[in-house]
Amino acid sequence: MPPQTIRKKSEDWELVPNLLDYDAARENFSWEHELGLLDGLPGGGLNIAHEAVDRHASSDRREHLALRWLDRNGEATDFSYGDLSELSNRFANVLRDLGVQKGDRVFALSERLPALYVTALGTLKNGSVFCPLFSAFGPEPLHSRLSIGEARVLVTTESLYRRKVASLRESLPQLQYLLLVREKPQGELPDGTLDFQQLLDGAADTFPIENTGPEDPALLHFTSGTTGRPKGALHVHEAVLAHHASARLALDLHPQDIFWCTADPGWVTGTSYGIIAPLTIGATMIVDREEFEPERWYGILREQKVSVWYTAPTAVRMMMKYGTELARQFELPALRFMASVGEPLNPEAVLWGQEAFGLPFHDNWWQTETGGIMIANFLSQPIRPGSMGRPLPGIEAAIVRPSEDGSVEIIEEADQEGELALKRGWPSMFRSYLHEEERYRKCFRGDWYLTGDLARRDEDGYFWFIGRADDVIKSSGHLIGPFEVESALMEHPAVAEAAVIGVPDPMAGEIVKAFVSLKPGFEAGETLQREILALARKRLGPAVAPRQLQVEDSLPRTRSGKIMRRLLKARELGLPEGDTSTLEHPGGR
Ligand code: AMP
């Protein structure tokens with residue numbers, strides 16, 4: 001379809017898209033030029049929080065609205081760039097006074113509260129590494145991430161602490177400081193914790209930012225693989241170049257925009273584009289404390305005059321379910337650009353945007369490891385519904401075929417399926433998986449980073465998503481590692497073996513389905529099944545736990561003992577079973 005018509009945001013400013021000509025933008029692009037658009041630290045360093053906040057706070061944009069936070073009732077609390085600068089200075093002072101140092105890891109586990117944003121920015125100012133955790137995780141995913149990441153500080157809410165963290169403390173010896181945000185204080189502060197707000201109030205509001213360099217660690221995001229524990233993808237301060245460039249070019253953000261990224265900062269999108277990128281542009285960002293509810297969302301778009309909206313396919317599908325009529329009841333003259341990320345966006349959803357809002361959704365693609373948007377449908381360019389778009393200026397993407405000998409064959413021919421790869425070296429590329437050099441190394445073949453996604457490129461250079469090359473599951477946009485779920489299932493005394501797969505779901509894209517076999521002496525039955533599912537939910541939290549469970553006599557394994565999730569999936573979906581020659585007992589179920 002042709003590019004969307006360019007809507008003016010308001011009468012006050014004329015909109016010229018940041019990217020007008022795709023080929024010219026690619027040709028003229030350089031990361032040096034992008035660096036020149038930022039400020040840098042006075043001592044020659046680079047710090048994300050300086051570029052996001054202090055740069056604007058020390059300019060005539062100090063009073064510009066940086067963050068508008070909406071509480072449960074939709075009441076707004078406003079923070080200017082000046083306010084955010086002072087609050088994050090206070091938090092950086094809190095950290096420094098506690099003796100938290102450059103490189104130490106500061107974790108946050110919180111709903112979308114202002115304290116979360118202050119924590120992120122203050123942590124970066126102190127030169128410490130910010131690591132967000134999703135508030136819907138259960139104790140088990142929290143424990144593994146806090147321990148792999150050797151969390152020294154955790155900022156959380158009193159309620160999440162009492163429900164999920166208190167019981168883990170003894171097994172996290174490195175976790176020295178627990179700072180609690182008390183939305184509704186529940187009696188005395190629990191032993192061994194500190195009051196976030198009290199500390200903040202007692203700290204000075206000026207802070208000399210730690211002189212971080214481009215390669216100093218800044219952000220740690222956990223992601224899931226097929227096997228083993230979650231992986232901590234480490235990003236550095238230089239990533240801010242990509243946050244800023246992609247916000248300009250892929251999301252067409254301007255300083256005058258009111259931007260709403262609906263992703264939670266517990267995941268990478270909610271940090272890169274729900275905190276950092278819009279602030280580096282100097283725009284206003286909207287943060288809603290609550291979860292999806294169609295009328296609430298349309299109300300926010302209208303009342304807050306959102307001009308650029310970044311959301312996810314699951315949310316779009318839910319809106320579609322509630323119908324076009326409902327969406328049309330809300331006039332949204334300020335809205336001028338809509339984008340989506342995280343899972344495949346069906347072509348119907350792209351077009352539904354046009355029907356419901358008069359604008360198409362622009363799909364774009366990236367992942368935790370890439371730190372920022374890599375492939376996008378741009379405002380000024382034709383959209384191909386169903387395609388993720390084309391690589392951003394500064395990003396080289398290819399379809400490749402990795403071979404056994406460790407090399408990689410680049411498939412030049414159009415429309416061939418292969419693995420999506422990116423030429424290494426963009427600023428927001430992850431620099432390691434924490435403590436797992438080998439796992440990191442395996443992601444690269446020469447100059448190419450292998451993304452783990454299968455895709456094809458058409459003859460005009462648009463990329464089309466095909467599926468994952470591995471067994472990880474995407475449910476409601478959240479990446480779920482089967483191993484983590486299987487380990488939790490195995491904790492039930494009746495479970496002998498467990499395997500989980502993703503099965504298609506009209507809303508969530510995929511949901512997690514578990515297969516288990518039972519130990520001798522246990523009888524399959526509805527009560528037991530419910531009990532196993534309930535245990536998994538308690539341990540893992542609702543975002544990760546399986547929704548369905550099936551008991552089998554045994555699970556299919558290879559001769560080397562690995563459970564064949566692929567076979568389970570093929571059987572579940574009624575697809576050809578493929579090569580089962582390595583199967584131990586092909587009857588297997
Ligand atoms: P995460 O690291 O949790 O952000 O998940 C990244 C993965 O989500 C990618 O490797 C893809 O499998 C999937 N993904 C992200 N964006 C898209 C998209 N636009 N279309 C299809 N899949 C996507």
# chains A, B, ... in the order shown; residues from 1 in each chain; ligands from 1
>>> residues_near_ligand(ligand="ligand 1", cutoff="9 Å", atoms="only C-alpha atoms and all ligand atoms", output="ChimeraX atom specification")
/A:221-224,267-269,312-313,340-345,363-371,373,375-376,386-389,451-454,464-469,472-474,477-480
>>> write_last_selection(atoms="N, CA and C atoms", output="tab-separated table (two decimals), in the first residue's frame")
chain	number	residue	atom	x	y	z
A	221	HIS	N	19.23	-6.68	30.12
A	221	HIS	CA	17.88	-7.20	29.87
A	221	HIS	C	17.94	-8.71	29.76
A	222	PHE	N	17.10	-9.36	30.50
A	222	PHE	CA	17.08	-10.81	30.40
A	222	PHE	C	16.19	-11.27	29.26
A	223	THR	N	16.65	-12.30	28.59
A	223	THR	CA	15.86	-12.88	27.52
A	223	THR	C	15.99	-14.40	27.62
A	224	SER	N	15.20	-15.11	26.82
A	224	SER	CA	15.15	-16.56	27.00
A	224	SER	C	15.66	-17.28	25.77
A	267	TRP	N	10.27	-5.17	30.05
A	267	TRP	CA	10.80	-5.77	28.83
A	267	TRP	C	11.56	-4.70	28.06
A	268	VAL	N	12.36	-5.15	27.11
A	268	VAL	CA	13.28	-4.22	26.46
A	268	VAL	C	12.56	-3.06	25.74
A	269	THR	N	11.43	-3.34	25.11
A	269	THR	CA	10.74	-2.25	24.39
A	269	THR	C	10.34	-1.13	25.35
A	312	ALA	N	1.60	-3.07	20.37
A	312	ALA	CA	1.99	-4.44	20.04
A	312	ALA	C	0.82	-5.20	19.40
A	313	PRO	N	1.14	-6.21	18.59
A	313	PRO	CA	0.09	-6.94	17.89
A	313	PRO	C	-1.01	-7.51	18.80
A	340	SER	N	4.01	-0.81	15.55
A	340	SER	CA	3.80	-2.03	16.34
A	340	SER	C	5.06	-2.88	16.30
A	341	VAL	N	5.29	-3.63	17.37
A	341	VAL	CA	6.47	-4.48	17.44
A	341	VAL	C	6.23	-5.67	18.35
A	342	GLY	N	7.06	-6.69	18.22
A	342	GLY	CA	7.11	-7.75	19.22
A	342	GLY	C	6.68	-9.11	18.73
A	343	GLU	N	5.79	-9.14	17.77
A	343	GLU	CA	5.32	-10.40	17.21
A	343	GLU	C	4.85	-10.07	15.80
A	344	PRO	N	4.57	-11.11	15.02
A	344	PRO	CA	4.08	-10.82	13.67
A	344	PRO	C	2.80	-10.01	13.73
A	345	LEU	N	2.72	-9.00	12.91
A	345	LEU	CA	1.51	-8.18	12.82
A	345	LEU	C	0.77	-8.60	11.56
A	363	ASP	N	4.55	-1.90	11.08
A	363	ASP	CA	5.24	-2.97	11.81
A	363	ASP	C	6.74	-2.69	11.82
A	364	ASN	N	7.38	-2.99	12.94
A	364	ASN	CA	8.85	-3.00	12.91
A	364	ASN	C	9.38	-4.15	13.73
A	365	TRP	N	10.64	-4.46	13.52
A	365	TRP	CA	11.24	-5.67	14.10
A	365	TRP	C	12.53	-5.34	14.85
A	366	TRP	N	12.67	-5.94	15.99
A	366	TRP	CA	13.95	-5.98	16.71
A	366	TRP	C	13.84	-6.96	17.85
A	367	GLN	N	14.87	-7.11	18.64
A	367	GLN	CA	14.84	-8.05	19.74
A	367	GLN	C	15.76	-7.54	20.86
A	368	THR	N	15.67	-8.20	22.01
A	368	THR	CA	16.44	-7.78	23.18
A	368	THR	C	17.91	-7.54	22.81
A	369	GLU	N	18.49	-8.47	22.08
A	369	GLU	CA	19.92	-8.39	21.77
A	369	GLU	C	20.27	-7.19	20.90
A	370	THR	N	19.32	-6.74	20.08
A	370	THR	CA	19.65	-5.63	19.16
A	370	THR	C	19.48	-4.27	19.84
A	371	GLY	N	18.79	-4.24	20.97
A	371	GLY	CA	18.70	-3.01	21.77
A	371	GLY	C	17.83	-1.92	21.20
A	373	ILE	N	15.28	-0.68	17.36
A	373	ILE	CA	14.60	-1.11	16.12
A	373	ILE	C	15.63	-1.28	15.01
A	375	ILE	N	14.56	-3.04	11.79
A	375	ILE	CA	13.85	-3.15	10.51
A	375	ILE	C	12.48	-2.49	10.71
A	376	ALA	N	12.06	-1.69	9.73
A	376	ALA	CA	10.81	-0.95	9.97
A	376	ALA	C	10.10	-0.58	8.68
A	386	GLY	N	2.04	-7.07	6.44
A	386	GLY	CA	2.56	-8.42	6.68
A	386	GLY	C	4.07	-8.46	6.67
A	387	SER	N	4.70	-7.37	6.19
A	387	SER	CA	6.17	-7.34	6.19
A	387	SER	C	6.66	-6.48	7.34
A	388	MET	N	7.84	-6.83	7.86
A	388	MET	CA	8.43	-6.07	8.97
A	388	MET	C	9.06	-4.77	8.47
A	389	GLY	N	9.24	-4.68	7.14
A	389	GLY	CA	9.79	-3.45	6.58
A	389	GLY	C	11.23	-3.64	6.11
A	451	THR	N	20.14	-13.92	14.35
A	451	THR	CA	19.07	-13.48	15.24
A	451	THR	C	18.21	-14.60	15.81
A	452	GLY	N	18.31	-15.80	15.21
A	452	GLY	CA	17.43	-16.88	15.67
A	452	GLY	C	16.05	-16.82	15.03
A	453	ASP	N	15.81	-15.85	14.16
A	453	ASP	CA	14.54	-15.76	13.45
A	453	ASP	C	14.70	-16.22	12.01
A	454	LEU	N	13.69	-16.88	11.50
A	454	LEU	CA	13.68	-17.24	10.08
A	454	LEU	C	12.86	-16.20	9.34
A	464	TRP	N	10.31	-10.35	5.55
A	464	TRP	CA	9.06	-11.01	5.96
A	464	TRP	C	9.41	-12.07	7.00
A	465	PHE	N	8.74	-12.00	8.12
A	465	PHE	CA	9.01	-12.93	9.23
A	465	PHE	C	8.39	-14.29	8.91
A	466	ILE	N	9.13	-15.35	9.18
A	466	ILE	CA	8.59	-16.69	8.96
A	466	ILE	C	8.35	-17.41	10.29
A	467	GLY	N	9.30	-17.34	11.19
A	467	GLY	CA	9.12	-18.02	12.49
A	467	GLY	C	10.44	-18.03	13.24
A	468	ARG	N	10.46	-18.67	14.37
A	468	ARG	CA	11.70	-18.77	15.13
A	468	ARG	C	12.47	-20.01	14.66
A	469	ALA	N	13.79	-19.89	14.69
A	469	ALA	CA	14.60	-21.05	14.34
A	469	ALA	C	14.73	-21.99	15.54
A	472	VAL	N	11.81	-21.19	21.35
A	472	VAL	CA	11.26	-20.21	22.29
A	472	VAL	C	9.84	-19.82	21.86
A	473	ILE	N	9.09	-19.38	22.83
A	473	ILE	CA	7.66	-19.12	22.62
A	473	ILE	C	7.41	-17.63	22.80
A	474	LYS	N	6.56	-17.08	21.93
A	474	LYS	CA	6.16	-15.67	22.08
A	474	LYS	C	4.69	-15.63	22.45
A	477	GLY	N	3.47	-11.15	23.18
A	477	GLY	CA	4.67	-10.33	22.97
A	477	GLY	C	5.81	-10.66	23.93
A	478	HIS	N	5.60	-11.58	24.86
A	478	HIS	CA	6.66	-11.90	25.82
A	478	HIS	C	7.38	-13.18	25.40
A	479	LEU	N	8.69	-13.09	25.40
A	479	LEU	CA	9.48	-14.24	24.99
A	479	LEU	C	9.63	-15.19	26.17
A	480	ILE	N	9.30	-16.45	25.95
A	480	ILE	CA	9.31	-17.41	27.06
A	480	ILE	C	10.22	-18.58	26.71
>>> residues_around(residues="Arg145 (chain A)", least_positions_apart="5", cutoff="9 Å", atoms="only C-alpha atoms", output="list in words")
Leu133, Glu140, Glu150, Ala151, Phe222, Arg229, Pro230, Lys231 and Gly232 of chain A
>>> write_last_selection(atoms="N, CA and C atoms", output="PDB file, in the first residue's frame")
ATOM      1  N   LEU A 133      12.868  -5.847  35.769  1.00  0.00           N
ATOM      2  CA  LEU A 133      12.208  -7.155  35.827  1.00  0.00           C
ATOM      3  C   LEU A 133      10.713  -6.938  35.651  1.00  0.00           C
ATOM      4  N   GLU A 140      10.089 -17.571  40.848  1.00  0.00           N
ATOM      5  CA  GLU A 140      11.177 -18.323  40.223  1.00  0.00           C
ATOM      6  C   GLU A 140      11.926 -17.540  39.145  1.00  0.00           C
ATOM      7  N   GLU A 150      23.508 -10.912  39.763  1.00  0.00           N
ATOM      8  CA  GLU A 150      24.165 -10.497  41.011  1.00  0.00           C
ATOM      9  C   GLU A 150      23.681  -9.118  41.437  1.00  0.00           C
ATOM     10  N   ALA A 151      22.368  -9.034  41.598  1.00  0.00           N
ATOM     11  CA  ALA A 151      21.767  -7.739  41.954  1.00  0.00           C
ATOM     12  C   ALA A 151      22.323  -7.266  43.285  1.00  0.00           C
ATOM     13  N   PHE A 222      17.096  -9.362  30.501  1.00  0.00           N
ATOM     14  CA  PHE A 222      17.082 -10.814  30.404  1.00  0.00           C
ATOM     15  C   PHE A 222      16.188 -11.268  29.262  1.00  0.00           C
ATOM     16  N   ARG A 229      19.484 -21.459  31.501  1.00  0.00           N
ATOM     17  CA  ARG A 229      18.881 -20.380  32.269  1.00  0.00           C
ATOM     18  C   ARG A 229      18.671 -19.145  31.388  1.00  0.00           C
ATOM     19  N   PRO A 230      17.890 -18.189  31.886  1.00  0.00           N
ATOM     20  CA  PRO A 230      17.713 -16.952  31.112  1.00  0.00           C
ATOM     21  C   PRO A 230      19.059 -16.286  30.840  1.00  0.00           C
ATOM     22  N   LYS A 231      19.125 -15.549  29.753  1.00  0.00           N
ATOM     23  CA  LYS A 231      20.381 -14.916  29.337  1.00  0.00           C
ATOM     24  C   LYS A 231      20.298 -13.421  29.623  1.00  0.00           C
ATOM     25  N   GLY A 232      21.337 -12.898  30.216  1.00  0.00           N
ATOM     26  CA  GLY A 232      21.363 -11.456  30.514  1.00  0.00           C
ATOM     27  C   GLY A 232      22.096 -10.722  29.403  1.00  0.00           C
TER      28      GLY A 232
END
>>> closest_residue(among="A:Asn211, A:Gly574, A:Ile148, A:Arg7", to="Pro333 (chain A)", atoms="only C-alpha atoms")
A:Arg7
>>> residues_around(residues="Val500 (chain A)", least_positions_apart="4", cutoff="9 Å", atoms="only C-alpha atoms", output="ChimeraX atom specification")
/A:482-483,485-486,512-516,546,549,565,568-569
>>> residues_around(residues="region 194-208 of chain A", least_positions_apart="4", cutoff="8 Å", atoms="only C-alpha atoms", output="list in words")
Glu86, Leu87, Ser88, Asn89, Arg90, Phe91, Ala92, Asn93, Val94, Val155, Tyr177, Leu178, Leu179, Leu180, Val181, Arg182 and Leu189 of chain A
>>> closest_residue(among="A:Arg457, A:Arg571, A:His492, A:Lys562", to="Arg537 (chain A)", atoms="only C-alpha atoms")
A:His492
>>> residues_around(residues="Arg162 (chain A)", least_positions_apart="4", cutoff="12 Å", atoms="only C-alpha atoms", output="ChimeraX atom specification")
/A:139,156-158,166-169,178,180-182,185-187,189-191,193
>>> write_last_selection(atoms="N, CA and C atoms", output="mmCIF file, in the first residue's frame")
data_model
loop_
_atom_site.group_PDB
_atom_site.id
_atom_site.type_symbol
_atom_site.label_atom_id
_atom_site.label_comp_id
_atom_site.auth_asym_id
_atom_site.auth_seq_id
_atom_site.Cartn_x
_atom_site.Cartn_y
_atom_site.Cartn_z
ATOM 1 N N PRO A 139 8.014 -15.825 41.647
ATOM 2 C CA PRO A 139 9.283 -15.852 42.380
ATOM 3 C C PRO A 139 10.421 -16.557 41.635
ATOM 4 N N THR A 156 11.705 -1.993 44.529
ATOM 5 C CA THR A 156 10.432 -2.651 44.247
ATOM 6 C C THR A 156 9.340 -1.990 45.085
ATOM 7 N N THR A 157 8.112 -2.455 44.909
ATOM 8 C CA THR A 157 7.046 -1.875 45.730
ATOM 9 C C THR A 157 6.886 -2.734 46.974
ATOM 10 N N GLU A 158 6.293 -2.148 47.989
ATOM 11 C CA GLU A 158 6.103 -2.892 49.230
ATOM 12 C C GLU A 158 5.265 -4.144 48.968
ATOM 13 N N ALA A 166 10.288 -11.299 49.449
ATOM 14 C CA ALA A 166 10.721 -11.551 50.837
ATOM 15 C C ALA A 166 11.241 -12.979 50.993
ATOM 16 N N SER A 167 10.527 -13.943 50.399
ATOM 17 C CA SER A 167 10.908 -15.350 50.589
ATOM 18 C C SER A 167 12.203 -15.713 49.868
ATOM 19 N N LEU A 168 12.663 -14.846 48.963
ATOM 20 C CA LEU A 168 13.868 -15.183 48.179
ATOM 21 C C LEU A 168 15.149 -14.633 48.814
ATOM 22 N N ARG A 169 14.985 -13.738 49.774
ATOM 23 C CA ARG A 169 16.150 -12.952 50.205
ATOM 24 C C ARG A 169 17.305 -13.795 50.698
ATOM 25 N N LEU A 178 17.399 -3.218 49.629
ATOM 26 C CA LEU A 178 16.034 -3.317 49.112
ATOM 27 C C LEU A 178 15.320 -2.021 49.382
ATOM 28 N N LEU A 180 11.983 0.114 49.027
ATOM 29 C CA LEU A 180 10.565 -0.127 48.770
ATOM 30 C C LEU A 180 9.792 1.155 48.496
ATOM 31 N N VAL A 181 9.029 1.089 47.411
ATOM 32 C CA VAL A 181 8.119 2.175 47.078
ATOM 33 C C VAL A 181 6.798 1.817 47.753
ATOM 34 N N ARG A 182 6.305 2.729 48.582
ATOM 35 C CA ARG A 182 5.127 2.384 49.389
ATOM 36 C C ARG A 182 3.904 3.103 48.835
ATOM 37 N N PRO A 185 1.195 2.186 52.297
ATOM 38 C CA PRO A 185 2.000 1.544 53.344
ATOM 39 C C PRO A 185 1.176 0.528 54.143
ATOM 40 N N GLN A 186 1.791 -0.646 54.343
ATOM 41 C CA GLN A 186 1.107 -1.717 55.085
ATOM 42 C C GLN A 186 1.813 -1.887 56.428
ATOM 43 N N GLY A 187 1.590 -0.981 57.348
ATOM 44 C CA GLY A 187 2.216 -1.080 58.673
ATOM 45 C C GLY A 187 3.686 -0.708 58.614
ATOM 46 N N LEU A 189 7.701 -0.833 57.955
ATOM 47 C CA LEU A 189 8.523 -1.255 56.818
ATOM 48 C C LEU A 189 9.127 -2.627 57.147
ATOM 49 N N PRO A 190 9.082 -3.590 56.226
ATOM 50 C CA PRO A 190 9.660 -4.905 56.557
ATOM 51 C C PRO A 190 11.143 -4.791 56.942
ATOM 52 N N ASP A 191 11.572 -5.711 57.791
ATOM 53 C CA ASP A 191 12.978 -5.717 58.240
ATOM 54 C C ASP A 191 13.931 -5.756 57.063
ATOM 55 N N THR A 193 14.720 -3.536 54.913
ATOM 56 C CA THR A 193 14.389 -2.777 53.699
ATOM 57 C C THR A 193 14.458 -1.276 54.005
#
>>> select_by_dssp(residues="region 325-418 of chain A", states="strand (DSSP E or B)", output="number ranges by chain")
A: 337-340, 361-365, 375-376, 389-391, 397-402, 408-410, 418
>>> write_last_selection(atoms="N, CA and C atoms", output="compact mmCIF listing (two decimals), in the first residue's frame")
# COMPACT_ATOMS: atom_id res chain seq x y z
N PHE A 337 0.89 8.94 13.77
CA PHE A 337 1.72 7.79 13.37
C PHE A 337 1.52 6.65 14.37
N MET A 338 1.34 5.44 13.83
CA MET A 338 1.16 4.28 14.71
C MET A 338 2.12 3.16 14.29
N ALA A 339 2.78 2.58 15.30
CA ALA A 339 3.73 1.51 15.00
C ALA A 339 3.50 0.34 15.95
N SER A 340 4.01 -0.81 15.55
CA SER A 340 3.80 -2.03 16.34
C SER A 340 5.06 -2.88 16.30
N PHE A 361 -1.10 0.65 10.84
CA PHE A 361 -0.02 0.35 11.79
C PHE A 361 1.25 0.05 11.00
N HIS A 362 2.36 0.60 11.48
CA HIS A 362 3.65 0.33 10.84
C HIS A 362 4.37 -0.73 11.67
N ASP A 363 4.55 -1.90 11.08
CA ASP A 363 5.24 -2.97 11.81
C ASP A 363 6.74 -2.69 11.82
N ASN A 364 7.38 -2.99 12.94
CA ASN A 364 8.85 -3.00 12.91
C ASN A 364 9.38 -4.15 13.73
N TRP A 365 10.64 -4.46 13.52
CA TRP A 365 11.24 -5.67 14.10
C TRP A 365 12.53 -5.34 14.85
N ILE A 375 14.56 -3.04 11.79
CA ILE A 375 13.85 -3.15 10.51
C ILE A 375 12.48 -2.49 10.71
N ALA A 376 12.06 -1.69 9.73
CA ALA A 376 10.81 -0.95 9.97
C ALA A 376 10.10 -0.58 8.68
N GLY A 389 9.24 -4.68 7.14
CA GLY A 389 9.79 -3.45 6.58
C GLY A 389 11.23 -3.64 6.11
N ARG A 390 11.95 -2.53 6.07
CA ARG A 390 13.33 -2.56 5.57
C ARG A 390 14.30 -2.11 6.66
N PRO A 391 15.57 -2.51 6.53
CA PRO A 391 16.55 -2.15 7.58
C PRO A 391 16.70 -0.64 7.74
N ALA A 397 21.09 -5.83 7.06
CA ALA A 397 20.45 -7.10 7.39
C ALA A 397 20.56 -8.03 6.18
N ALA A 398 20.59 -9.33 6.45
CA ALA A 398 20.67 -10.30 5.34
C ALA A 398 19.96 -11.58 5.74
N ILE A 399 19.65 -12.36 4.72
CA ILE A 399 19.15 -13.71 4.96
C ILE A 399 20.33 -14.64 4.73
N VAL A 400 20.61 -15.46 5.71
CA VAL A 400 21.82 -16.28 5.61
C VAL A 400 21.49 -17.75 5.90
N ARG A 401 22.47 -18.57 5.52
CA ARG A 401 22.39 -19.99 5.84
C ARG A 401 23.68 -20.34 6.58
N PRO A 402 23.59 -20.52 7.90
CA PRO A 402 24.81 -20.87 8.64
C PRO A 402 25.20 -22.30 8.28
N VAL A 408 29.18 -18.69 7.13
CA VAL A 408 27.81 -18.33 6.86
C VAL A 408 27.67 -18.00 5.38
N GLU A 409 26.60 -18.50 4.79
CA GLU A 409 26.40 -18.20 3.38
C GLU A 409 25.30 -17.15 3.27
N ILE A 410 25.61 -16.06 2.59
CA ILE A 410 24.60 -15.02 2.44
C ILE A 410 23.74 -15.34 1.23
N GLY A 418 15.62 -18.23 5.12
CA GLY A 418 16.89 -18.45 5.80
C GLY A 418 16.84 -17.75 7.14
>>> atom_distance(atom1="CA of Gly461 (chain A)", atom2="CA of Leu379 (chain A)")
16.5 Å
>>> residues_around(residues="region 286-303 of chain A", least_positions_apart="6", cutoff="7 Å", atoms="only C-alpha atoms", output="list in words")
Leu67, Arg68, Trp69, Leu70, Asp71, Arg72, Glu111, Arg112, Leu113, Phe259, Trp260, Met319, Ala327, Phe330, Glu331 and Leu332 of chain A
>>> closest_residue(among="A:Asn73, A:Glu183, A:Gly394, A:Asp78", to="His33 (chain A)", atoms="only C-alpha atoms")
A:Gly394
